[in-house]
$ cat input.cif   # mmCIF, C-alpha atoms and all ligand atoms
data_upload
loop_
_atom_site.label_atom_id
_atom_site.label_comp_id
_atom_site.auth_asym_id
_atom_site.auth_seq_id
_atom_site.Cartn_x
_atom_site.Cartn_y
_atom_site.Cartn_z
CA MET A 983 -14.16 -3.91 34.16
CA GLU A 984 -13.55 -1.01 36.54
CA GLN A 985 -9.99 -0.96 37.81
CA LYS A 986 -9.48 -0.37 41.51
CA TRP A 987 -6.10 0.79 42.77
CA PRO A 988 -4.96 1.27 46.38
CA GLN A 989 -4.77 5.01 47.11
CA GLU A 990 -2.43 4.83 50.11
CA VAL A 991 0.83 4.78 48.11
CA ALA A 992 0.74 7.12 45.12
CA SER A 993 3.68 5.44 43.37
CA PHE A 994 2.08 1.97 43.45
CA LYS A 995 -0.03 2.28 40.30
CA PRO A 996 2.69 3.72 37.99
CA ALA A 997 5.27 1.27 39.35
CA LEU A 998 3.03 -1.74 38.80
CA LEU A 999 1.94 -0.60 35.33
CA ASN A 1000 5.60 -0.11 34.41
CA LEU A 1001 6.47 -3.60 35.67
CA ASN A 1002 3.47 -5.01 33.78
CA ARG A 1003 4.65 -3.47 30.49
CA LYS A 1004 8.30 -4.45 30.94
CA ALA A 1005 7.44 -8.01 31.97
CA THR A 1006 5.19 -8.35 28.92
CA SER A 1007 7.95 -7.22 26.56
CA LEU A 1008 10.40 -9.63 28.19
CA GLY A 1009 7.83 -12.42 27.84
CA ILE A 1010 7.39 -11.55 24.14
CA ARG A 1011 11.17 -11.78 23.58
CA ILE A 1012 11.22 -15.17 25.28
CA LEU A 1013 8.35 -16.31 23.04
CA GLN A 1014 10.33 -15.22 19.98
CA GLY A 1015 13.37 -17.22 21.12
CA LEU A 1016 11.16 -20.20 21.81
CA ALA A 1017 9.55 -20.04 18.35
CA LEU A 1018 12.98 -19.93 16.69
CA ALA A 1019 14.21 -22.83 18.84
CA MET A 1020 11.18 -24.86 17.74
CA GLY A 1021 11.84 -24.16 14.06
CA LEU A 1022 8.80 -21.88 13.76
CA ASP A 1023 8.55 -18.38 12.40
CA ARG A 1024 10.04 -15.98 15.00
CA HIS A 1025 6.65 -14.29 15.40
CA PHE A 1026 4.53 -17.44 15.61
CA PHE A 1027 3.83 -17.05 19.33
CA ASP A 1028 4.17 -13.31 19.82
CA GLY A 1029 1.77 -12.69 16.94
CA LEU A 1030 -0.85 -14.46 19.08
CA HIS A 1031 -0.03 -12.33 22.16
CA LYS A 1032 -0.49 -8.85 20.72
CA GLY A 1033 -3.39 -7.71 22.89
CA ALA A 1034 -1.59 -7.44 26.25
CA GLY A 1035 -2.72 -4.30 28.05
CA THR A 1036 -6.06 -4.22 26.18
CA ARG A 1037 -9.46 -5.79 26.84
CA LYS A 1038 -8.66 -8.50 24.28
CA SER A 1039 -6.11 -10.16 26.53
CA LEU A 1040 -6.00 -11.67 30.02
CA THR A 1041 -2.25 -10.99 30.31
CA SER A 1042 -1.97 -9.72 33.87
CA THR A 1043 0.19 -9.18 36.91
CA ARG A 1044 -0.71 -10.67 40.30
CA CYS A 1045 0.74 -9.48 43.61
CA ASN A 1046 0.84 -12.21 46.25
CA TYR A 1047 1.19 -11.46 49.97
CA TYR A 1048 1.86 -14.16 52.55
CA PRO A 1049 1.48 -12.89 56.12
CA GLU A 1050 4.24 -13.02 58.72
CA VAL A 1051 4.54 -16.24 60.72
CA THR A 1052 5.08 -15.58 64.42
CA ASP A 1053 5.25 -17.79 67.54
CA GLU A 1054 1.52 -17.16 67.94
CA THR A 1055 0.55 -18.19 64.40
CA VAL A 1056 -1.60 -21.31 64.43
CA ILE A 1057 -0.57 -23.68 61.64
CA VAL A 1058 -2.70 -26.75 61.07
CA PRO A 1059 -1.22 -30.03 59.72
CA ASN A 1060 -0.63 -29.99 55.93
CA GLN A 1061 -1.35 -26.27 55.75
CA ILE A 1062 -0.08 -24.77 52.50
CA ARG A 1063 0.29 -21.18 51.29
CA ILE A 1064 -0.57 -21.90 47.65
CA GLY A 1065 -1.50 -25.49 46.85
CA GLU A 1066 0.16 -27.35 43.97
CA HIS A 1067 -0.92 -26.11 40.56
CA ALA A 1068 0.29 -25.22 37.09
CA ASP A 1069 -0.57 -21.78 35.79
CA TYR A 1070 -3.13 -22.01 33.01
CA VAL A 1071 -1.60 -19.59 30.51
CA THR A 1072 1.48 -19.54 28.21
CA LEU A 1073 4.35 -18.40 30.42
CA THR A 1074 4.72 -16.99 33.93
CA LEU A 1075 7.48 -14.62 34.99
CA LEU A 1076 7.89 -14.83 38.75
CA PHE A 1077 9.51 -12.20 40.95
CA GLN A 1078 10.03 -13.32 44.54
CA ASP A 1079 11.57 -11.64 47.57
CA ASP A 1080 14.19 -13.30 49.77
CA GLN A 1081 11.88 -15.30 52.07
CA GLY A 1082 11.60 -18.55 50.12
CA GLY A 1083 8.89 -21.20 50.24
CA LEU A 1084 8.33 -21.66 46.51
CA GLU A 1085 8.82 -25.25 45.29
CA VAL A 1086 8.59 -26.91 41.87
CA GLN A 1087 7.72 -30.54 41.32
CA ARG A 1088 10.25 -32.91 39.75
CA LYS A 1089 9.29 -35.64 37.29
CA ASP A 1090 9.33 -38.22 40.10
CA GLY A 1091 6.81 -36.17 42.09
CA SER A 1092 9.28 -34.91 44.71
CA TRP A 1093 9.57 -31.18 45.44
CA CYS A 1094 12.54 -28.93 44.78
CA PRO A 1095 12.87 -25.56 46.57
CA VAL A 1096 13.28 -22.57 44.25
CA LEU A 1097 15.68 -20.59 46.38
CA PRO A 1098 15.47 -16.84 45.83
CA VAL A 1099 18.47 -15.54 43.86
CA PRO A 1100 18.71 -11.72 43.92
CA GLY A 1101 18.30 -10.11 40.50
CA THR A 1102 16.76 -13.16 38.86
CA ILE A 1103 13.25 -13.83 37.50
CA GLY A 1104 11.61 -17.25 37.62
CA LEU A 1105 10.18 -18.57 34.36
CA PHE A 1106 7.44 -21.19 34.23
CA VAL A 1107 6.12 -23.05 31.20
CA ASP A 1108 2.35 -23.11 31.62
CA LEU A 1109 -0.60 -25.27 30.53
CA LEU A 1110 -1.35 -23.56 27.21
CA LEU A 1111 2.28 -23.91 26.09
CA GLN A 1112 2.17 -27.57 27.12
CA ARG A 1113 -0.92 -28.03 24.92
CA TRP A 1114 0.63 -26.15 21.99
CA THR A 1115 3.79 -28.26 22.14
CA ALA A 1116 1.85 -31.51 22.73
CA ASP A 1117 3.84 -32.19 25.94
CA LYS A 1118 7.30 -31.41 24.49
CA LEU A 1119 7.34 -28.63 27.07
CA LYS A 1120 5.66 -29.62 30.31
CA ALA A 1121 3.91 -27.13 32.56
CA THR A 1122 5.78 -26.38 35.79
CA VAL A 1123 3.79 -27.66 38.76
CA HIS A 1124 4.56 -25.47 41.75
CA ARG A 1125 3.38 -24.58 45.24
CA VAL A 1126 4.31 -22.35 48.16
CA ILE A 1127 4.85 -24.03 51.53
CA VAL A 1128 4.55 -22.62 55.03
CA PRO A 1129 8.02 -21.85 56.42
CA GLU A 1130 9.26 -23.80 59.41
CA GLY A 1131 9.42 -21.45 62.36
CA LYS A 1132 9.13 -17.68 62.41
CA CYS A 1133 9.25 -15.81 59.11
CA PRO A 1134 8.58 -12.23 58.04
CA ALA A 1135 5.82 -11.60 55.50
CA ARG A 1136 6.65 -12.84 51.99
CA GLN A 1137 5.72 -11.12 48.74
CA SER A 1138 5.88 -12.30 45.16
CA ILE A 1139 4.67 -10.95 41.84
CA ALA A 1140 3.54 -13.30 39.07
CA HIS A 1141 3.22 -11.92 35.55
CA PHE A 1142 1.08 -14.14 33.35
CA ILE A 1143 1.63 -14.06 29.58
CA VAL A 1144 -1.69 -15.09 28.02
CA PRO A 1145 -2.63 -15.51 24.34
CA ASP A 1146 -5.21 -13.06 23.01
CA ASP A 1147 -8.79 -13.96 23.92
CA ASP A 1148 -9.80 -15.34 20.52
CA VAL A 1149 -6.70 -17.50 19.97
CA GLU A 1150 -7.36 -21.19 19.47
CA VAL A 1151 -4.57 -23.26 21.01
CA LYS A 1152 -4.07 -26.58 19.23
CA CYS A 1153 -1.20 -29.08 19.11
CA LEU A 1154 1.47 -27.81 16.72
CA ASP A 1155 2.56 -31.31 15.74
CA GLY A 1156 -0.90 -32.03 14.31
CA SER A 1157 -1.54 -34.68 16.96
CA ASP A 1158 -4.69 -34.93 19.04
CA THR A 1159 -2.79 -35.06 22.35
CA TYR A 1160 -5.07 -32.21 23.45
CA GLU A 1161 -8.27 -30.97 21.89
CA PRO A 1162 -8.14 -27.39 20.58
CA VAL A 1163 -9.25 -24.79 23.12
CA ASN A 1164 -10.28 -21.17 22.92
CA THR A 1165 -7.98 -19.16 25.17
CA ARG A 1166 -10.59 -17.08 26.98
CA SER A 1167 -12.89 -20.05 27.68
CA PHE A 1168 -9.96 -22.19 28.87
CA VAL A 1169 -8.55 -19.55 31.21
CA THR A 1170 -11.85 -18.30 32.63
CA GLY A 1171 -13.10 -21.90 32.98
CA ILE A 1172 -10.19 -22.84 35.27
CA PHE A 1173 -10.35 -19.48 37.04
CA ASP A 1174 -14.04 -19.99 37.87
CA LYS A 1175 -13.34 -23.50 39.20
CA THR A 1176 -10.43 -22.23 41.32
CA TYR A 1177 -12.17 -19.28 42.98
O1 LIG B 1201 4.32 -16.81 45.36
C1 LIG B 1201 4.89 -17.57 44.58
O2 LIG B 1201 6.11 -17.77 44.62
C2 LIG B 1201 4.09 -18.33 43.53
C3 LIG B 1201 2.80 -17.65 43.16
C4 LIG B 1201 1.98 -18.44 42.20
O3 LIG B 1201 2.19 -19.61 41.99
C5 LIG B 1201 0.89 -17.79 41.47
O4 LIG B 1201 0.58 -16.61 41.73
O5 LIG B 1201 0.31 -18.46 40.57
FE FE B 1202 1.32 -20.19 40.10
#

$ encode --input "input.cif" --output "structure tokens" --more "lines below"
Ligand SMILES: O=C(O)CCC(=O)C(=O)O
Ligand SMILES: [Fe+2]
Amino acid sequence: MEQKWPQEVASFKPALLNLNRKATSLGIRILQGLALAMGLDRHFFDGLHKGAGTRKSLTSTRCNYYPEVTDETVIVPNQIRIGEHADYVTLTLLFQDDQGGLEVQRKDGSWCPVLPVPGTIGLFVDLLLQRWTADKLKATVHRVIVPEGKCPARQSIAHFIVPDDDVEVKCLDGSDTYEPVNTRSFVTGIFDKTY
């Protein structure tokens, strides 16, 4: 696929590629820690995430922009910035600015604000990790709400750690809690339904 980059700011492309690489290596270290904590070989997960940065992997970085809310902004009832969802990959690293609005869902269905803390990165367990662990780790359901009153534009960057395209994700405990899925079909299937 042809890559299109904005030309207006020359430093954008190198900065984003650098973030993409660093976020991937952080994600890989987290996957190693997770494998050890689960009593697996340290490289169980990262060995299945080797293709990041190549055509064999959907590991990617998404920049989200939420426009400024002014006195003139028309907000309809129940309007939402990003509706509730769980990301459909392994892990998400989330970088948010200081504007707030991100919420995660508790077990009882209520919503908990994820207040921005400078210098920190959000970490979400996602749907493929939930399938691998047969629900031992549950995907983080999250959303972004419209702020009450005026608010400057908000930006966030989500880095999605995705298994390599040909990886089959099946329950590690041998159960049939979820049927095995091919990574690329699973991710593109949900993507096509969403957009
Ligand atoms: O903007 C945020 O804080 C969340 C973004 C998000 O959920 C996503 O890009 O999947
Ligand atoms: Fe998300």

$ residues_near_ligand --input "input.cif" --ligand "ligand LIG 1201 (chain B)" --cutoff "10 Å" --atoms "all atoms listed in the file" --output "short mmCIF file (atom, residue, chain, number, x, y, z; two decimals) with C-alpha atoms, in the frame of the given file"
data_model
loop_
_atom_site.label_atom_id
_atom_site.label_comp_id
_atom_site.auth_asym_id
_atom_site.auth_seq_id
_atom_site.Cartn_x
_atom_site.Cartn_y
_atom_site.Cartn_z
CA THR A 1043 0.19 -9.18 36.91
CA ARG A 1044 -0.71 -10.67 40.30
CA CYS A 1045 0.74 -9.48 43.61
CA ASN A 1046 0.84 -12.21 46.25
CA TYR A 1047 1.19 -11.46 49.97
CA TYR A 1048 1.86 -14.16 52.55
CA ARG A 1063 0.29 -21.18 51.29
CA ILE A 1064 -0.57 -21.90 47.65
CA GLY A 1065 -1.50 -25.49 46.85
CA GLU A 1066 0.16 -27.35 43.97
CA HIS A 1067 -0.92 -26.11 40.56
CA ALA A 1068 0.29 -25.22 37.09
CA ASP A 1069 -0.57 -21.78 35.79
CA TYR A 1070 -3.13 -22.01 33.01
CA THR A 1074 4.72 -16.99 33.93
CA LEU A 1075 7.48 -14.62 34.99
CA LEU A 1076 7.89 -14.83 38.75
CA PHE A 1077 9.51 -12.20 40.95
CA GLN A 1078 10.03 -13.32 44.54
CA ASP A 1079 11.57 -11.64 47.57
CA GLN A 1081 11.88 -15.30 52.07
CA GLY A 1082 11.60 -18.55 50.12
CA GLY A 1083 8.89 -21.20 50.24
CA LEU A 1084 8.33 -21.66 46.51
CA GLU A 1085 8.82 -25.25 45.29
CA VAL A 1086 8.59 -26.91 41.87
CA VAL A 1096 13.28 -22.57 44.25
CA PRO A 1098 15.47 -16.84 45.83
CA GLY A 1104 11.61 -17.25 37.62
CA PHE A 1106 7.44 -21.19 34.23
CA THR A 1122 5.78 -26.38 35.79
CA VAL A 1123 3.79 -27.66 38.76
CA HIS A 1124 4.56 -25.47 41.75
CA ARG A 1125 3.38 -24.58 45.24
CA VAL A 1126 4.31 -22.35 48.16
CA ILE A 1127 4.85 -24.03 51.53
CA ARG A 1136 6.65 -12.84 51.99
CA GLN A 1137 5.72 -11.12 48.74
CA SER A 1138 5.88 -12.30 45.16
CA ILE A 1139 4.67 -10.95 41.84
CA ALA A 1140 3.54 -13.30 39.07
CA HIS A 1141 3.22 -11.92 35.55
CA PHE A 1142 1.08 -14.14 33.35
#

$ atom_distance --input "input.cif" --atom1 "atom CA of Leu1022 of chain A" --atom2 "atom CA of Ala1121 of chain A"
20.1 Å

$ atom_distance --input "input.cif" --atom1 "atom CA of Trp1093 of chain A" --atom2 "atom CA of Leu1040 of chain A"
29.3 Å

$ atom_distance --input "input.cif" --atom1 "atom FE of ligand FE 1202 (chain B)" --atom2 "atom CA of Leu1073 of chain A"
10.3 Å

$ closest_residue --input "input.cif" --among "A:Cys1133, A:Ala997, A:His1031, A:Cys1094" --to "Val1151 of chain A" --atoms "all atoms listed in the file"
A:His1031

$ closest_residue --input "input.cif" --among "A:Val1149, A:Leu1111, A:Leu1105, A:Val1051" --to "ligand FE 1202 (chain B)" --atoms "all atoms listed in the file"
A:Leu1105

$ residues_around --input "input.cif" --residues "Met1020 of chain A" --least-positions-apart "5" --cutoff "12 Å" --atoms "only C-alpha atoms" --output "ChimeraX atom specification"
/A:1013-1015,1025-1027,1114-1115,1118-1119,1154-1155

$ closest_residue --input "input.cif" --among "A:Gly1029, A:Gly1171, A:Gly1021, A:Gly1035" --to "Leu999 of chain A" --atoms "all atoms listed in the file"
A:Gly1035
